[in-house]
>>> print(open('upload-v2.pdb').read())   # PDB, C-alpha atoms, pLDDT in the B column
ATOM      1  CA  THR A   1     -98.601-275.039 200.465  1.00 53.00           C
ATOM      2  CA  GLN A   2     -97.491-276.959 197.409  1.00 67.00           C
ATOM      3  CA  LEU A   3     -98.978-280.452 197.148  1.00 82.00           C
ATOM      4  CA  LEU A   4     -96.009-281.687 195.136  1.00 90.00           C
ATOM      5  CA  GLU A   5     -92.479-280.546 195.899  1.00 92.00           C
ATOM      6  CA  GLN A   6     -89.822-281.104 193.274  1.00 94.00           C
ATOM      7  CA  SER A   7     -86.093-280.943 193.845  1.00 95.00           C
ATOM      8  CA  PRO A   8     -83.734-279.662 192.832  1.00 96.00           C
ATOM      9  CA  GLN A   9     -85.336-276.621 191.258  1.00 94.00           C
ATOM     10  CA  PHE A  10     -82.427-276.119 188.849  1.00 96.00           C
ATOM     11  CA  LEU A  11     -79.726-278.474 187.646  1.00 97.00           C
ATOM     12  CA  SER A  12     -76.848-277.724 185.271  1.00 97.00           C
ATOM     13  CA  ILE A  13     -74.602-280.601 184.308  1.00 96.00           C
ATOM     14  CA  GLN A  14     -72.153-281.713 181.642  1.00 97.00           C
ATOM     15  CA  GLU A  15     -73.008-284.227 178.981  1.00 97.00           C
ATOM     16  CA  GLY A  16     -72.411-287.778 180.188  1.00 97.00           C
ATOM     17  CA  GLU A  17     -73.202-287.157 183.859  1.00 97.00           C
ATOM     18  CA  ASN A  18     -75.932-288.982 185.760  1.00 97.00           C
ATOM     19  CA  LEU A  19     -78.632-287.168 187.711  1.00 97.00           C
ATOM     20  CA  THR A  20     -81.708-287.794 189.828  1.00 98.00           C
ATOM     21  CA  VAL A  21     -84.656-285.484 190.388  1.00 98.00           C
ATOM     22  CA  TYR A  22     -87.331-285.958 192.990  1.00 97.00           C
ATOM     23  CA  CYS A  23     -91.033-285.401 193.431  1.00 96.00           C
ATOM     24  CA  ASN A  24     -92.314-285.551 197.014  1.00 94.00           C
ATOM     25  CA  SER A  25     -95.615-285.215 198.795  1.00 92.00           C
ATOM     26  CA  SER A  26     -97.143-286.037 202.162  1.00 88.00           C
ATOM     27  CA  SER A  27    -100.243-287.408 200.418  1.00 90.00           C
ATOM     28  CA  VAL A  28    -100.832-290.822 198.872  1.00 90.00           C
ATOM     29  CA  PHE A  29    -101.751-291.008 195.200  1.00 89.00           C
ATOM     30  CA  SER A  30    -103.174-293.726 192.962  1.00 87.00           C
ATOM     31  CA  SER A  31    -100.793-292.745 190.170  1.00 89.00           C
ATOM     32  CA  LEU A  32     -98.123-290.220 189.264  1.00 92.00           C
ATOM     33  CA  GLN A  33     -97.023-288.870 185.929  1.00 94.00           C
ATOM     34  CA  TRP A  34     -93.797-287.314 184.656  1.00 96.00           C
ATOM     35  CA  TYR A  35     -93.811-284.773 181.846  1.00 96.00           C
ATOM     36  CA  ARG A  36     -91.013-283.000 180.012  1.00 97.00           C
ATOM     37  CA  GLN A  37     -91.437-279.512 178.624  1.00 95.00           C
ATOM     38  CA  GLU A  38     -89.049-278.080 176.081  1.00 93.00           C
ATOM     39  CA  PRO A  39     -88.708-274.325 175.521  1.00 87.00           C
ATOM     40  CA  GLY A  40     -91.628-272.873 173.565  1.00 87.00           C
ATOM     41  CA  GLU A  41     -93.725-276.015 173.770  1.00 92.00           C
ATOM     42  CA  GLY A  42     -96.304-277.648 175.986  1.00 94.00           C
ATOM     43  CA  PRO A  43     -95.430-280.523 178.340  1.00 94.00           C
ATOM     44  CA  VAL A  44     -95.280-284.026 176.900  1.00 95.00           C
ATOM     45  CA  LEU A  45     -95.997-287.150 178.928  1.00 94.00           C
ATOM     46  CA  LEU A  46     -93.003-289.392 179.616  1.00 96.00           C
ATOM     47  CA  VAL A  47     -94.509-292.016 181.904  1.00 94.00           C
ATOM     48  CA  THR A  48     -97.315-292.901 184.297  1.00 92.00           C
ATOM     49  CA  VAL A  49     -96.504-295.006 187.374  1.00 92.00           C
ATOM     50  CA  VAL A  50     -99.280-296.728 189.255  1.00 90.00           C
ATOM     51  CA  THR A  51     -98.009-299.389 191.651  1.00 90.00           C
ATOM     52  CA  GLY A  52     -96.008-298.651 194.811  1.00 91.00           C
ATOM     53  CA  GLY A  53     -92.365-299.548 194.186  1.00 93.00           C
ATOM     54  CA  GLU A  54     -92.881-299.662 190.424  1.00 94.00           C
ATOM     55  CA  VAL A  55     -89.864-298.980 188.223  1.00 96.00           C
ATOM     56  CA  LYS A  56     -90.231-298.005 184.582  1.00 96.00           C
ATOM     57  CA  LYS A  57     -87.467-297.418 182.076  1.00 96.00           C
ATOM     58  CA  LEU A  58     -87.555-295.251 178.995  1.00 94.00           C
ATOM     59  CA  LYS A  59     -84.167-295.571 177.276  1.00 95.00           C
ATOM     60  CA  ARG A  60     -81.770-293.715 179.613  1.00 97.00           C
ATOM     61  CA  LEU A  61     -84.548-292.523 181.935  1.00 97.00           C
ATOM     62  CA  THR A  62     -85.579-294.597 184.955  1.00 97.00           C
ATOM     63  CA  PHE A  63     -88.708-293.712 186.902  1.00 97.00           C
ATOM     64  CA  GLN A  64     -89.572-295.073 190.317  1.00 97.00           C
ATOM     65  CA  PHE A  65     -92.766-294.716 192.338  1.00 95.00           C
ATOM     66  CA  GLY A  66     -92.232-294.844 196.085  1.00 94.00           C
ATOM     67  CA  ASP A  67     -93.409-297.870 198.013  1.00 92.00           C
ATOM     68  CA  ALA A  68     -95.954-295.749 199.882  1.00 92.00           C
ATOM     69  CA  ARG A  69     -97.031-293.969 196.658  1.00 91.00           C
ATOM     70  CA  LYS A  70     -96.157-290.553 198.105  1.00 93.00           C
ATOM     71  CA  ASP A  71     -93.058-289.797 196.080  1.00 94.00           C
ATOM     72  CA  SER A  72     -91.222-290.540 192.872  1.00 97.00           C
ATOM     73  CA  SER A  73     -87.806-290.154 191.332  1.00 97.00           C
ATOM     74  CA  LEU A  74     -86.472-289.762 187.829  1.00 98.00           C
ATOM     75  CA  HIS A  75     -82.922-290.879 187.128  1.00 98.00           C
ATOM     76  CA  ILE A  76     -81.154-290.010 183.891  1.00 97.00           C
ATOM     77  CA  THR A  77     -78.049-291.956 182.935  1.00 97.00           C
ATOM     78  CA  ALA A  78     -75.390-290.329 180.752  1.00 97.00           C
ATOM     79  CA  ALA A  79     -77.336-287.139 180.183  1.00 97.00           C
ATOM     80  CA  GLN A  80     -77.315-285.592 176.715  1.00 97.00           C
ATOM     81  CA  PRO A  81     -78.061-282.027 175.571  1.00 96.00           C
ATOM     82  CA  GLY A  82     -81.360-283.316 174.165  1.00 94.00           C
ATOM     83  CA  ASP A  83     -82.469-284.046 177.742  1.00 96.00           C
ATOM     84  CA  THR A  84     -82.514-280.318 178.463  1.00 96.00           C
ATOM     85  CA  GLY A  85     -85.931-279.133 179.567  1.00 96.00           C
ATOM     86  CA  LEU A  86     -88.353-278.694 182.443  1.00 96.00           C
ATOM     87  CA  TYR A  87     -89.346-281.929 184.164  1.00 97.00           C
ATOM     88  CA  LEU A  88     -92.728-281.898 185.855  1.00 96.00           C
ATOM     89  CA  CYS A  89     -94.448-284.465 188.008  1.00 96.00           C
ATOM     90  CA  ALA A  90     -98.239-284.516 188.223  1.00 93.00           C
ATOM     91  CA  VAL A  91    -100.936-286.332 190.162  1.00 90.00           C
ATOM     92  CA  LEU A  92    -104.668-286.684 189.930  1.00 83.00           C
ATOM     93  CA  TYR A  93    -106.304-285.026 192.932  1.00 78.00           C
ATOM     94  CA  ASN A  94    -109.882-285.789 193.999  1.00 74.00           C
ATOM     95  CA  THR A  95    -110.275-287.925 190.830  1.00 70.00           C
ATOM     96  CA  ASP A  96    -110.713-284.982 188.483  1.00 75.00           C
ATOM     97  CA  LYS A  97    -108.076-282.287 189.115  1.00 80.00           C
ATOM     98  CA  LEU A  98    -104.550-282.638 187.801  1.00 83.00           C
ATOM     99  CA  ILE A  99    -101.951-281.024 190.044  1.00 89.00           C
ATOM    100  CA  PHE A 100     -98.416-280.322 188.840  1.00 92.00           C
ATOM    101  CA  GLY A 101     -95.243-279.887 190.806  1.00 92.00           C
ATOM    102  CA  THR A 102     -93.116-276.774 190.444  1.00 89.00           C
ATOM    103  CA  GLY A 103     -90.679-278.554 188.160  1.00 93.00           C
ATOM    104  CA  THR A 104     -86.954-279.178 187.816  1.00 96.00           C
ATOM    105  CA  ARG A 105     -85.234-277.194 185.105  1.00 96.00           C
ATOM    106  CA  LEU A 106     -82.387-279.262 183.643  1.00 97.00           C
ATOM    107  CA  GLN A 107     -79.616-277.872 181.457  1.00 97.00           C
ATOM    108  CA  VAL A 108     -77.156-280.313 179.913  1.00 97.00           C
ATOM    109  CA  PHE A 109     -74.058-278.728 178.381  1.00 96.00           C
ATOM    110  CA  PRO A 110     -72.099-280.412 175.562  1.00 95.00           C
TER     111      PRO A 110
ATOM    112  CA  GLU B   1    -102.805-285.260 163.015  1.00 87.00           C
ATOM    113  CA  ALA B   2    -104.044-285.470 166.596  1.00 84.00           C
ATOM    114  CA  GLN B   3    -103.492-282.127 168.228  1.00 93.00           C
ATOM    115  CA  VAL B   4    -104.608-279.330 170.509  1.00 96.00           C
ATOM    116  CA  THR B   5    -104.568-275.892 168.935  1.00 97.00           C
ATOM    117  CA  GLN B   6    -104.607-272.535 170.687  1.00 97.00           C
ATOM    118  CA  ASN B   7    -105.011-269.062 169.313  1.00 97.00           C
ATOM    119  CA  PRO B   8    -103.501-266.591 169.469  1.00 97.00           C
ATOM    120  CA  ARG B   9     -99.975-267.736 170.309  1.00 96.00           C
ATOM    121  CA  TYR B  10     -98.957-264.275 171.458  1.00 97.00           C
ATOM    122  CA  LEU B  11    -101.119-261.424 172.700  1.00 97.00           C
ATOM    123  CA  ILE B  12    -100.343-258.017 174.144  1.00 97.00           C
ATOM    124  CA  THR B  13    -103.322-256.127 175.484  1.00 96.00           C
ATOM    125  CA  VAL B  14    -104.256-253.417 177.950  1.00 96.00           C
ATOM    126  CA  THR B  15    -105.952-253.587 181.323  1.00 97.00           C
ATOM    127  CA  GLY B  16    -109.708-254.035 181.102  1.00 96.00           C
ATOM    128  CA  LYS B  17    -109.984-255.017 177.443  1.00 97.00           C
ATOM    129  CA  LYS B  18    -111.922-258.280 177.206  1.00 97.00           C
ATOM    130  CA  LEU B  19    -110.187-261.099 175.383  1.00 97.00           C
ATOM    131  CA  THR B  20    -110.737-264.725 174.470  1.00 98.00           C
ATOM    132  CA  VAL B  21    -108.137-267.411 173.912  1.00 98.00           C
ATOM    133  CA  THR B  22    -109.488-270.274 171.853  1.00 98.00           C
ATOM    134  CA  CYS B  23    -108.657-273.948 172.315  1.00 98.00           C
ATOM    135  CA  SER B  24    -109.673-276.814 170.089  1.00 98.00           C
ATOM    136  CA  GLN B  25    -108.863-280.535 170.077  1.00 97.00           C
ATOM    137  CA  ASN B  26    -109.525-283.151 167.397  1.00 95.00           C
ATOM    138  CA  MET B  27    -109.162-286.282 169.535  1.00 94.00           C
ATOM    139  CA  ASN B  28    -112.742-286.499 170.828  1.00 93.00           C
ATOM    140  CA  HIS B  29    -111.501-286.087 174.393  1.00 93.00           C
ATOM    141  CA  GLU B  30    -113.977-285.562 177.193  1.00 91.00           C
ATOM    142  CA  TYR B  31    -111.608-283.770 179.563  1.00 92.00           C
ATOM    143  CA  MET B  32    -110.212-280.330 178.788  1.00 94.00           C
ATOM    144  CA  SER B  33    -108.462-277.842 181.016  1.00 95.00           C
ATOM    145  CA  TRP B  34    -106.627-274.546 181.139  1.00 97.00           C
ATOM    146  CA  TYR B  35    -103.382-273.892 182.980  1.00 96.00           C
ATOM    147  CA  ARG B  36    -101.214-270.896 183.564  1.00 97.00           C
ATOM    148  CA  GLN B  37     -97.479-271.228 183.960  1.00 95.00           C
ATOM    149  CA  ASP B  38     -95.460-268.719 185.939  1.00 93.00           C
ATOM    150  CA  PRO B  39     -91.777-268.857 186.948  1.00 86.00           C
ATOM    151  CA  GLY B  40     -91.309-270.684 190.225  1.00 81.00           C
ATOM    152  CA  LEU B  41     -94.978-271.626 190.470  1.00 84.00           C
ATOM    153  CA  GLY B  42     -95.208-274.359 187.879  1.00 85.00           C
ATOM    154  CA  LEU B  43     -98.432-275.165 186.047  1.00 91.00           C
ATOM    155  CA  ARG B  44    -101.569-274.189 187.901  1.00 93.00           C
ATOM    156  CA  GLN B  45    -105.004-275.286 186.771  1.00 93.00           C
ATOM    157  CA  ILE B  46    -107.469-272.481 186.096  1.00 96.00           C
ATOM    158  CA  TYR B  47    -110.609-274.351 185.023  1.00 95.00           C
ATOM    159  CA  TYR B  48    -111.414-277.809 183.763  1.00 93.00           C
ATOM    160  CA  SER B  49    -114.276-279.538 182.022  1.00 93.00           C
ATOM    161  CA  MET B  50    -115.212-283.204 182.160  1.00 89.00           C
ATOM    162  CA  ASN B  51    -117.666-282.970 179.282  1.00 90.00           C
ATOM    163  CA  VAL B  52    -119.951-280.636 177.358  1.00 92.00           C
ATOM    164  CA  GLU B  53    -121.686-278.130 179.643  1.00 92.00           C
ATOM    165  CA  VAL B  54    -119.712-279.424 182.665  1.00 92.00           C
ATOM    166  CA  THR B  55    -117.029-277.084 183.986  1.00 95.00           C
ATOM    167  CA  ASP B  56    -115.381-276.642 187.356  1.00 93.00           C
ATOM    168  CA  LYS B  57    -112.866-274.387 189.042  1.00 93.00           C
ATOM    169  CA  GLY B  58    -109.243-275.325 189.339  1.00 91.00           C
ATOM    170  CA  ASP B  59    -106.775-273.758 191.746  1.00 89.00           C
ATOM    171  CA  VAL B  60    -106.670-270.216 190.312  1.00 94.00           C
ATOM    172  CA  PRO B  61    -110.041-269.422 188.686  1.00 97.00           C
ATOM    173  CA  GLU B  62    -110.371-265.772 189.758  1.00 97.00           C
ATOM    174  CA  GLY B  63    -110.621-263.395 186.804  1.00 97.00           C
ATOM    175  CA  TYR B  64    -111.313-266.129 184.241  1.00 98.00           C
ATOM    176  CA  LYS B  65    -114.349-267.670 182.629  1.00 98.00           C
ATOM    177  CA  VAL B  66    -114.760-270.724 180.419  1.00 97.00           C
ATOM    178  CA  SER B  67    -117.492-272.409 178.448  1.00 96.00           C
ATOM    179  CA  ARG B  68    -117.875-275.861 176.919  1.00 97.00           C
ATOM    180  CA  LYS B  69    -120.667-275.755 174.379  1.00 96.00           C
ATOM    181  CA  GLU B  70    -119.033-278.274 172.058  1.00 96.00           C
ATOM    182  CA  LYS B  71    -116.832-281.217 172.914  1.00 95.00           C
ATOM    183  CA  ARG B  72    -113.898-280.011 170.820  1.00 97.00           C
ATOM    184  CA  ASN B  73    -113.740-276.370 171.983  1.00 97.00           C
ATOM    185  CA  PHE B  74    -112.919-274.864 175.360  1.00 98.00           C
ATOM    186  CA  PRO B  75    -112.323-271.096 175.163  1.00 98.00           C
ATOM    187  CA  LEU B  76    -110.774-269.112 178.011  1.00 98.00           C
ATOM    188  CA  ILE B  77    -112.284-265.683 178.581  1.00 98.00           C
ATOM    189  CA  LEU B  78    -110.735-262.800 180.468  1.00 97.00           C
ATOM    190  CA  GLU B  79    -113.548-260.292 180.968  1.00 95.00           C
ATOM    191  CA  SER B  80    -111.330-257.537 182.402  1.00 97.00           C
ATOM    192  CA  PRO B  81    -107.671-258.511 182.190  1.00 97.00           C
ATOM    193  CA  SER B  82    -105.227-257.163 184.740  1.00 97.00           C
ATOM    194  CA  PRO B  83    -101.406-257.124 184.754  1.00 97.00           C
ATOM    195  CA  ASN B  84    -101.285-260.027 187.231  1.00 96.00           C
ATOM    196  CA  GLN B  85    -102.793-262.210 184.510  1.00 98.00           C
ATOM    197  CA  THR B  86     -99.682-261.789 182.395  1.00 98.00           C
ATOM    198  CA  SER B  87     -98.564-265.373 181.972  1.00 97.00           C
ATOM    199  CA  LEU B  88     -98.070-268.340 179.677  1.00 97.00           C
ATOM    200  CA  TYR B  89    -101.340-270.209 179.181  1.00 98.00           C
ATOM    201  CA  PHE B  90    -101.782-273.820 178.133  1.00 98.00           C
ATOM    202  CA  CYS B  91    -104.870-275.702 177.089  1.00 97.00           C
ATOM    203  CA  ALA B  92    -104.867-279.478 177.460  1.00 95.00           C
ATOM    204  CA  SER B  93    -107.172-282.385 176.698  1.00 94.00           C
ATOM    205  CA  SER B  94    -107.380-286.044 177.613  1.00 91.00           C
ATOM    206  CA  ILE B  95    -109.727-288.951 177.913  1.00 87.00           C
ATOM    207  CA  PHE B  96    -111.358-289.119 181.325  1.00 74.00           C
ATOM    208  CA  LEU B  97    -110.622-292.250 183.304  1.00 67.00           C
ATOM    209  CA  THR B  98    -112.990-293.113 186.133  1.00 63.00           C
ATOM    210  CA  SER B  99    -110.379-295.410 187.673  1.00 65.00           C
ATOM    211  CA  GLY B 100    -108.664-292.515 189.420  1.00 63.00           C
ATOM    212  CA  ILE B 101    -105.526-293.022 187.374  1.00 69.00           C
ATOM    213  CA  GLY B 102    -104.371-289.970 185.478  1.00 71.00           C
ATOM    214  CA  SER B 103    -104.594-290.239 181.725  1.00 82.00           C
ATOM    215  CA  GLU B 104    -102.182-288.599 179.296  1.00 88.00           C
ATOM    216  CA  GLN B 105    -102.718-284.872 178.950  1.00 91.00           C
ATOM    217  CA  PHE B 106    -102.162-283.489 175.455  1.00 94.00           C
ATOM    218  CA  PHE B 107    -101.101-279.871 175.603  1.00 95.00           C
ATOM    219  CA  GLY B 108    -101.452-277.081 173.119  1.00 96.00           C
ATOM    220  CA  PRO B 109     -98.437-274.953 172.143  1.00 95.00           C
ATOM    221  CA  GLY B 110     -99.219-272.205 174.640  1.00 96.00           C
ATOM    222  CA  THR B 111    -100.383-268.588 174.511  1.00 98.00           C
ATOM    223  CA  ARG B 112     -98.115-265.913 175.885  1.00 97.00           C
ATOM    224  CA  LEU B 113    -100.280-263.110 177.232  1.00 98.00           C
ATOM    225  CA  THR B 114     -99.029-259.720 178.345  1.00 98.00           C
ATOM    226  CA  VAL B 115    -101.436-257.297 180.010  1.00 97.00           C
ATOM    227  CA  LEU B 116    -100.146-253.726 180.218  1.00 96.00           C
TER     228      LEU B 116
END
>>> encode(input="upload-v2.pdb", output="structure tokens")
Amino acid sequence: TQLLEQSPQFLSIQEGENLTVYCNSSSVFSSLQWYRQEPGEGPVLLVTVVTGGEVKKLKRLTFQFGDARKDSSLHITAAQPGDTGLYLCAVLYNTDKLIFGTGTRLQVFP
Amino acid sequence: EAQVTQNPRYLITVTGKKLTVTCSQNMNHEYMSWYRQDPGLGLRQIYYSMNVEVTDKGDVPEGYKVSRKEKRNFPLILESPSPNQTSLYFCASSIFLTSGIGSEQFFGPGTRLTVL
């Protein structure tokens, strides 16, 4: 059983469209991170959310942590080809183990 | 430049031939870990280390060994590789926060291993 479920698994869209990806769990977490991984590289941290209901913005990316701290969403406005990549959520489990979701693979076509 | 380095980047080997993938970080991080990435399964933690001489199993430790003799290095050892260990491997490091809040993981560039 996967601790973190991400949806959708794959997403192909045209440049300029908006999209939302989700990270869900039945467990409560003290924080949640989002990473982006581009082909041939390791994941890079985008954001860490800590407070239930927290919203953070990073240019065209908006991250929200659920009120109950069990889930999170990532919304991209006016997607660009440079947003293409694998988006991973991650949580700290038992204070010392980092668990990743299965990821959402996003392809943005010009 | 702050970075995590892994070597080799690509490796093709045969079943049973012992191999070591090296990992080194220059950020003085306490926490280091190894992950494998497989299609549809995401990143799964193999082993992690919270400091020198302190290591612990992640979710998929079978068939792997690690050591942490120095703070900067965290090699991954496959004593007798098998085809099911064909995967993309990442080393990562971070500071270790006792607050329970995840700190930023810095990943290496990955090692693509094929075991025939």
>>> closest_atom_pairs(input="upload-v2.pdb", of="chain B", to="chain A", cutoff="8 Å", atoms="all atoms listed in the file", output="Markdown table")
| residue | atom | partner | partner_atom | distance |
| --- | --- | --- | --- | --- |
| B:Gly40 | CA | A:Thr102 | CA | 6.4 |
| B:Leu41 | CA | A:Thr102 | CA | 5.5 |
| B:Gly42 | CA | A:Thr102 | CA | 4.1 |
| B:Leu43 | CA | A:Phe100 | CA | 5.9 |
| B:Arg44 | CA | A:Phe100 | CA | 7.0 |
| B:Gln45 | CA | A:Ile99 | CA | 7.3 |
| B:Tyr48 | CA | A:Lys97 | CA | 7.7 |
| B:Met50 | CA | A:Asp96 | CA | 8.0 |
| B:Gly58 | CA | A:Lys97 | CA | 7.1 |
| B:Phe90 | CA | A:Gly42 | CA | 7.0 |
| B:Thr98 | CA | A:Thr95 | CA | 7.5 |
| B:Gly100 | CA | A:Thr95 | CA | 5.1 |
| B:Ile101 | CA | A:Ser31 | CA | 5.5 |
| B:Gly102 | CA | A:Leu92 | CA | 5.5 |
| B:Glu104 | CA | A:Leu45 | CA | 6.4 |
| B:Gln105 | CA | A:Leu45 | CA | 7.1 |
| B:Phe106 | CA | A:Val44 | CA | 7.1 |
| B:Phe107 | CA | A:Gly42 | CA | 5.3 |
| B:Gly108 | CA | A:Gly42 | CA | 5.9 |
| B:Pro109 | CA | A:Glu41 | CA | 5.1 |
| B:Gly110 | CA | A:Gly42 | CA | 6.3 |
>>> residues_near_point(input="upload-v2.pdb", point="(-118.5, -277.5, 181.0)", cutoff="12 Å", atoms="only C-alpha atoms", output="list in words")
Glu30, Tyr31, Met32, Ser33, Tyr47, Tyr48, Ser49, Met50, Asn51, Val52, Glu53, Val54, Thr55, Asp56, Lys57, Lys65, Val66, Ser67, Arg68, Lys69, Glu70, Lys71, Arg72, Asn73, Phe74, Pro75 and Leu76 of chain B
>>> write_last_selection(input="upload-v2.pdb", atoms="C-alpha atoms", output="compact mmCIF listing (two decimals), in the frame of the given file")
# COMPACT_ATOMS: atom_id res chain seq x y z
CA GLU B 30 -113.98 -285.56 177.19
CA TYR B 31 -111.61 -283.77 179.56
CA MET B 32 -110.21 -280.33 178.79
CA SER B 33 -108.46 -277.84 181.02
CA TYR B 47 -110.61 -274.35 185.02
CA TYR B 48 -111.41 -277.81 183.76
CA SER B 49 -114.28 -279.54 182.02
CA MET B 50 -115.21 -283.20 182.16
CA ASN B 51 -117.67 -282.97 179.28
CA VAL B 52 -119.95 -280.64 177.36
CA GLU B 53 -121.69 -278.13 179.64
CA VAL B 54 -119.71 -279.42 182.66
CA THR B 55 -117.03 -277.08 183.99
CA ASP B 56 -115.38 -276.64 187.36
CA LYS B 57 -112.87 -274.39 189.04
CA LYS B 65 -114.35 -267.67 182.63
CA VAL B 66 -114.76 -270.72 180.42
CA SER B 67 -117.49 -272.41 178.45
CA ARG B 68 -117.88 -275.86 176.92
CA LYS B 69 -120.67 -275.76 174.38
CA GLU B 70 -119.03 -278.27 172.06
CA LYS B 71 -116.83 -281.22 172.91
CA ARG B 72 -113.90 -280.01 170.82
CA ASN B 73 -113.74 -276.37 171.98
CA PHE B 74 -112.92 -274.86 175.36
CA PRO B 75 -112.32 -271.10 175.16
CA LEU B 76 -110.77 -269.11 178.01
>>> atom_distance(input="upload-v2.pdb", atom1="CA of Gly52 in chain A", atom2="CA of Ser73 in chain A")
12.3 Å
>>> closest_residue(input="upload-v2.pdb", among="A:Thr62, A:Pro81, A:Cys89, A:Leu4", to="Ser27 in chain A", atoms="all atoms listed in the file")
A:Leu4
>>> atom_distance(input="upload-v2.pdb", atom1="CA of Glu5 in chain A", atom2="CA of Ser25 in chain A")
6.3 Å
